[in-house]
Number of protein chains: 6
Amino acid sequence: VIPGSWPEVLEVAQRVYPGFARPDTEISCVILDERVVPRDAHPSDGFVTPEILGKLEEAERDGMDAVVIDCMADPGMEAGRKLVSIPVIGPGEVAFHLAAILGYKFSVVSLEEDTLAMEKLVDHYGLIERLSSVQTMDCPLGQIVRDRRLALDPLVEASLRAVKVDGAHVIVPGCTATAGLAAQVQALLAQLGCPVPVIEPLWAAVRLAESLVDMSVSHSKRTYPSPQRP
Amino acid sequence: VIPGSWPEVLEVAQRVYPGFARPDTEISCVILDERVVPRDAHPSDGFVTPEILGKLEEAERDGMDAVVIDCMADPGMEAGRKLVSIPVIGPGEVAFHLAAILGYKFSVVSLEEDTLAMEKLVDHYGLIERLSSVQTMDCPLGQIVRDRRLALDPLVEASLRAVKVDGAHVIVPGCTATAGLAAQVQALLAQLGCPVPVIEPLWAAVRLAESLVDMSVSHSKRTYPSPQRP
Amino acid sequence: VIPGSWPEVLEVAQRVYPGFARPDTEISCVILDERVVPRDAHPSDGFVTPEILGKLEEAERDGMDAVVIDCMADPGMEAGRKLVSIPVIGPGEVAFHLAAILGYKFSVVSLEEDTLAMEKLVDHYGLIERLSSVQTMDCPLGQIVRDRRLALDPLVEASLRAVKVDGAHVIVPGCTATAGLAAQVQALLAQLGCPVPVIEPLWAAVRLAESLVDMSVSHSKRTYPSPQRP
Amino acid sequence: VIPGSWPEVLEVAQRVYPGFARPDTEISCVILDERVVPRDAHPSDGFVTPEILGKLEEAERDGMDAVVIDCMADPGMEAGRKLVSIPVIGPGEVAFHLAAILGYKFSVVSLEEDTLAMEKLVDHYGLIERLSSVQTMDCPLGQIVRDRRLALDPLVEASLRAVKVDGAHVIVPGCTATAGLAAQVQALLAQLGCPVPVIEPLWAAVRLAESLVDMSVSHSKRTYPSPQRP
Amino acid sequence: VIPGSWPEVLEVAQRVYPGFARPDTEISCVILDERVVPRDAHPSDGFVTPEILGKLEEAERDGMDAVVIDCMADPGMEAGRKLVSIPVIGPGEVAFHLAAILGYKFSVVSLEEDTLAMEKLVDHYGLIERLSSVQTMDCPLGQIVRDRRLALDPLVEASLRAVKVDGAHVIVPGCTATAGLAAQVQALLAQLGCPVPVIEPLWAAVRLAESLVDMSVSHSKRTYPSPQRP
Amino acid sequence: VIPGSWPEVLEVAQRVYPGFARPDTEISCVILDERVVPRDAHPSDGFVTPEILGKLEEAERDGMDAVVIDCMADPGMEAGRKLVSIPVIGPGEVAFHLAAILGYKFSVVSLEEDTLAMEKLVDHYGLIERLSSVQTMDCPLGQIVRDRRLALDPLVEASLRAVKVDGAHVIVPGCTATAGLAAQVQALLAQLGCPVPVIEPLWAAVRLAESLVDMSVSHSKRTYPSPQRP
């Protein structure tokens with residue numbers, strides 16, 4: 001579920017995301033039906049949540065095995081887990097936990113307008129003591145959406161600052177609009193003398209979704225109870 | 001702003017809330033325009049957030065000085081602070097901080113379905129180490145909405161458990177549907193040998209709103225920046 | 001209760017503090033009777049605590065409804081709450097909690113000799129993770145006491161450093177000797193491109209005292225039991 | 001790598017663990033060469049660490065893509081990551097993080113002698129605030145090693161206590177000697193009215209190992225530097 | 001320095017405390033000159049702090065090498081360290097840190113009226129996560145002062161509850177009026193099947209004072225600056 | 001117990017360490033029997049743990065009263081406390097707790113390769129919030145082992161950076177290879193205008209060992225149970 005309504009984002013997703021799945025996994029990408037946001041709000045600001053929730057219910061009705069939300073802010077993830085029983089995966093939560101497994105301190109490299117939201121999200125998931133910094137990459141979202149390769153150099157530069165100045169041991173790109181670039185960023189950092197792991201959040205999210213389905217495990221309904229209020 | 005669409009809730013609010021304000025303060029209560037929630041979801045689940053946000057923008061346009069959200073889960077508060085510049089006050093945040101000022105440990109007495117949400121909210125505000133427990137009062141929301149006096153005994157009983165079993169030093173009622181009962185609960189607890197302060201969250205919220213307006217202080221736009229995404 | 005014995009401090013207080021109260025509130029300022037401190041100690045060092053405690057008991061006997069201690073270090077506040085039943089308010093505790101409500105990170109701007117004490121006090125109240133920094137304003141206390149307007153520029157400069165270098169979202173002046181300057185500091189910061197809220201701690205403290213009296217709520221005797229030791 | 005030298009453990013591992021892997025993944029199980037432990041010590045006590053480290057180096061030399069250590073205490077994992085570059089996965093670390101993703105509070109169900117070690121390990125990984133309890137299953141290790149089905153009922157009983165008494169939302173079996181039972185435990189708990197997810201730690205560990213290899217990501221050498229001391 | 005003015009306490013101290021020192025250490029016990037407390041306040045309530053501070057300055061002037069404050073609440077310790085340069089040791093701080101060294105969780109066994117103060121003190125020193133509980137011993141202070149052997153059984157019973165119910169690994173007696181009983185409590189607990197270490201706080205404090213003097217190390221003047229306020 | 005096998009280290013230890021003990025204490029230094037480490041690993045990496053554990057058991061059998069491990073990483077300390085009943089003291093744990101007693105923030109001055117290990121160890125002992133920094137001294141271990149006086153200037157320089165840049169109030173040398181230099185470092189820092197306490201970790205460790213023996217107190221067997229696994 002892509003929390004936006006731009007057709008070009010859908011087109012890129014359909015091209016890139018199947019590469020994050022196993023051959024026997026079918027990936028189906030959906031965008032929101034219409035431009036529901038009355039003004040220029042962030043996906044995490046709540047305007048698009050109802051439509052995201054609708055898409056999650058639709059996915060479960062359509063027999064999907066799991067859903068991944070295509071935004072590092074994990075909008076609608078916690079509310080959605082109350083509405084459906086299939087795994088609802090947020091790439092932010094997965095990537096932050098994976099970063100904590102791979103190293104002692106990780107930095108998120110995000111868009112300027114998301115810096116504080118990323119810090120608060122890491123705190124929300126209980127991992128703030130493992131966060132070395134949120135670094136800003138110098139590249140506006142509109143530009144990345146048009147051509148994600150334009151984000152490569154800004155991502156590398158911000159990652160270098162994260163490692164050298166802030167002491168990061170692991171890098172987490174903080175916007176799924178850069179999906180597909182992590183391996184290149186990791187390779188370039190290594191060439192520049194900073195060989196640290198760079199996580200591809202959506203890849204990790206898709207793989208976790210597959211594993212949960214195989215293991216027949218989903219989120220706990222004790223934490224995410226189905227709504228029962230009259 | 002009352003995050004629901006029941007006329008009876010509006011009627012009670014119009015009767016009770018002016019008593020929480022100073023004589024020279026004008027209180028205006030609004031409910032949501034229609035039943036926006038597709039199913040029986042909680043106010044904090046995100047379905048009503050867009051309409052709450054719309055009401056906040058409307059309030060600012062109409063020249064209101066401040067807004068109080070009438071729900072202990074503070075739905076839409078953080079997103080709303082991004083959209084408007086006037087103070088947006090959540091009774092949950094205010095009551096938890098006030099409880100931390102008045103004593104070392106506080107308990108929230110909530111509806112059964114809100115127990116975990118209250119604990120996570122206290123944690124979200126950074127006060128979890130001051131929380132003695134979230135106690136459940138044995139009284140369904142529907143019953144309280146019809147006649148809030150039916151909540152009095154369950155509130156007192158749950159508060160006694162909070163004090164005697166969980167070690168609470170301060171009580172915070174966890175649902176604004178019980179607004180107006182705190183003084184009575186405090187008096188009854190004192191009669192029963194448990195003289196602890198009982199906070200009236202909406203009263204505290206209204207008073208803070210008045211004080212912020214007088215002091216010409218509002219939430220920080222560094223924390224709650226106005227949306228700028230194209 | 002002003003934890004000092006300088007007549008000029010009393011004179012300023014009597015002029016400034018009534019402006020922080022509602023029209024129907026009567027403010028009565030008291031200083032300590034004599035110079036009880038054997039040498040040049042800080043109010044928080046314990047020498048003046050016994051006399052502060054005496055003043056608190058006196059206030060309750062005289063029928064005062066609540067007491068505010070006029071020092072950001074909140075000297076004698078916790079011990080005083082054991083001795084009396086009327087609300088005892090410390091501007092430090094109130095201002096730090098209010099700052100945590102208004103933004104994600106706040107800085108305290110204090111006198112050089114109080115820097116560490118302020119940091120430890122924020123920690124004592126459980127809010128250290130919300131503290132961006134304690135900044136020092138370049139202005140000795142003696143000078144401020146003689147003419148508080150001399151503190152304006154140093155306050156603004158230190159606040160700018162707090163916002164730009166330390167990432168503060170909210171400013172808390174850390175010495176009540178600068179009481180009355182917050183609004184001007186806020187306005188000047190906004191003119192300089194740093195529109196962040198600046199809290200007036202004593203104003204917030206007086207307003208909370210008024211609200212608690214109206215709500216018939218005081219500190220918990222479970223946290224602050226009356227002394228009973230033989 | 002199985003941190004023990006019992007042939008029967010190897011035999012069970014060779015039968016059970018391939019089921020946790022994808023069809024195209026080859027699983028190779030190794031036990032320690034000899035009984036290196038001078039007395040009845042726990043794998044986490046350090047006696048077997050040198051031989052585990054040797055096995056890790058051997059695995060890398062032999063061209064293995066990743067190593068999973070077959071013990072919930074993750075013995076030798078952190079030291080091993082310094083010695084080799086291929087991913088070294090501990091089922092404890094993976095299972096605790098996954099539990100934190102799936103629910104708000106998780107309990108570990110462990111052998112009596114491992115209770116404290118499990119609590120300290122969860123603390124070591126920074127997740128102690130998400131731990132509801134460490135419950136003890138009433139079944140000695142020797143018995144489980146002979147016939148792991150004997151652990152089924154004790155696991156279910158301890159899990160029920162964890163959910164009902166301690167408030168667990170997710171269950172993590174705390175000993176890999178019970179590997180293969182999680183799905184049954186989850187099903188039985190659901191039948192008994194406690195439908196909570198039960199994690200199969202080794203399954204999660206094997207899947208993470210596969211994903212890391214696919215993504216060409218390993219642990220950070222900034223956290224786990226190769227030894228260079230003369 | 002004994003923060004009281006009872007001659008019988010002085011008499012006991014002079015008999016017991018030399019046994020906590022090395023043979024070549026001279027112990028000098030002082031009580032406060034007069035009954036300075038206006039009513040029945042706790043040593044930590046601030047009334048006796050000025051006189052304690054006076055005694056610390058006197059001790060330094062008289063050439064003492066170090067001072068130990070004879071109360072588990074460490075009254076006047078932090079303010080005193082600002083006034084003098086010789087080590088000022090509080091048995092509470094020393095005993096809590098030693099308990100954290102000797103085991104994972106410790107309980108304090110205190111007088112009923114000191115329960116909360118002990119919990120807050122452990123929190124103040126940053127060790128709250130290592131505290132299993134504060135247990136109350138059923139024995140009033142007046143009785144212990146008259147004959148400290150009357151505290152033995154209550155100490156043992158409360159310690160047993162701490163170990164068996166609260167999971168304590170180490171016991172810290174929470175009132176120096178029981179000084180001299182720790183070894184017996186430890187022996188009795190061992191006989192009763194609870195062989196846990198029981199710390200003698202004043203013994204540990206005296207020994208630390210001796211060690212600091214030998215090492216020529218004292219508290220940091222960066223943390224405890226000498227007062228300089230005009 | 002010296003976790004190495006270099007004869008020159010033993011020779012220095014035999015000369016320096018008796019000076020840390022009381023006259024009536026007999027110090028016996030042992031090194032490891034052979035070069036057990038297969039490659040250039042750190043003492044904390046686990047290779048030498050089995051031999052350290054053997055030395056601890058040997059010490060207890062030989063009637064030693066307590067053991068101090070001669071390495072700031074405290075290798076084998078926790079496992080060793082399970083195997084023996086006499087106190088096993090690690091200079092890292094003792095020095096970090098003592099630093100927290102003497103001041104609000106302390107820095108560790110360590111070898112470059114130990115920086116992260118020291119930070120994680122302070123975190124492991126629960127004192128990370130008191131750590132101002134881990135500073136690196138510019139001096140390789142091999143050089144210090146040959147002539148420890150060569151470490152004096154680098155220690156002083158790194159300590160100055162810790163105090164002036166990182167805000168340290170107390171200094172803890174992070175490698176026991178510099179044992180015996182703390183007093184000189186403290187004196188030089190004072191001459192340079194930075195009069196902060198500098199802890200001699202092994203001295204503090206030896207003194208604590210003596211005190212524990214005198215008090216008949218050892219580590220808790222609840223935290224460090226003797227191994228019982230079949």
# chains A, B, ... in the order shown; residues from 1 in each chain; ligands from 1

$ select_by_dssp --residues "region 74-159 of chain F" --states "alpha helix (DSSP H)" --output "ChimeraX atom specification"
/F:77-83,91-102,115-124,141-146,152-159

$ residues_around --residues "Leu131 (chain B)" --least-positions-apart "6" --cutoff "10 Å" --atoms "only C-alpha atoms" --output "list of chain:residue names"
B:Phe96, B:Ala99, B:Ala100, B:Tyr104, B:Lys105, B:Phe106, B:Ser107, B:Val108, B:Glu119, B:Val122, B:Asp123, B:Asp166, B:Gly167, B:Ala168, B:His169, B:Val170

$ interface_residues --of "chain F" --to "chain A" --cutoff "12 Å" --atoms "only C-alpha atoms" --output "ChimeraX atom specification"
/F:116-117,119-120,123,128-129

$ residues_around --residues "Val94 (chain D)" --least-positions-apart "5" --cutoff "8 Å" --atoms "only C-alpha atoms" --output "mmCIF file with all heavy atoms, in the first residue's frame"
data_model
loop_
_atom_site.group_PDB
_atom_site.id
_atom_site.type_symbol
_atom_site.label_atom_id
_atom_site.label_comp_id
_atom_site.auth_asym_id
_atom_site.auth_seq_id
_atom_site.Cartn_x
_atom_site.Cartn_y
_atom_site.Cartn_z
ATOM 1 N N ILE A 101 20.221 -4.857 15.199
ATOM 2 C CA ILE A 101 20.832 -6.188 15.221
ATOM 3 C C ILE A 101 22.225 -6.144 14.585
ATOM 4 O O ILE A 101 23.155 -6.784 15.068
ATOM 5 C CB ILE A 101 19.925 -7.203 14.464
ATOM 6 C CG1 ILE A 101 18.660 -7.500 15.295
ATOM 7 C CG2 ILE A 101 20.671 -8.487 14.139
ATOM 8 C CD1 ILE A 101 17.628 -8.383 14.593
ATOM 9 N N ILE D 89 24.416 -15.081 13.182
ATOM 10 C CA ILE D 89 23.083 -14.796 13.703
ATOM 11 C C ILE D 89 22.846 -15.563 14.999
ATOM 12 O O ILE D 89 23.121 -16.766 15.079
ATOM 13 C CB ILE D 89 22.015 -15.219 12.671
ATOM 14 C CG1 ILE D 89 22.300 -14.580 11.316
ATOM 15 C CG2 ILE D 89 20.614 -14.886 13.164
ATOM 16 C CD1 ILE D 89 22.164 -13.097 11.293
ATOM 17 N N PRO D 201 12.282 -19.349 17.290
ATOM 18 C CA PRO D 201 13.501 -18.528 17.152
ATOM 19 C C PRO D 201 14.457 -18.991 16.055
ATOM 20 O O PRO D 201 14.965 -18.164 15.292
ATOM 21 C CB PRO D 201 14.151 -18.641 18.540
ATOM 22 C CG PRO D 201 13.007 -18.860 19.463
ATOM 23 C CD PRO D 201 12.056 -19.741 18.689
ATOM 24 N N ALA D 204 13.136 -18.039 12.605
ATOM 25 C CA ALA D 204 13.348 -16.613 12.348
ATOM 26 C C ALA D 204 14.820 -16.331 12.074
ATOM 27 O O ALA D 204 15.171 -15.503 11.213
ATOM 28 C CB ALA D 204 12.850 -15.796 13.535
ATOM 29 N N ALA D 205 15.705 -17.020 12.785
ATOM 30 C CA ALA D 205 17.144 -16.786 12.613
ATOM 31 C C ALA D 205 17.610 -17.258 11.234
ATOM 32 O O ALA D 205 18.374 -16.565 10.542
ATOM 33 C CB ALA D 205 17.919 -17.506 13.722
ATOM 34 N N LEU D 208 16.374 -14.835 8.601
ATOM 35 C CA LEU D 208 17.123 -13.584 8.574
ATOM 36 C C LEU D 208 18.481 -13.817 7.904
ATOM 37 O O LEU D 208 18.952 -12.992 7.117
ATOM 38 C CB LEU D 208 17.325 -13.019 9.990
ATOM 39 C CG LEU D 208 18.063 -11.693 10.005
ATOM 40 C CD1 LEU D 208 17.307 -10.620 9.233
ATOM 41 C CD2 LEU D 208 18.320 -11.219 11.423
#

$ atom_distance --atom1 "CA of Glu210 (chain D)" --atom2 "CA of Gly19 (chain D)"
13.5 Å
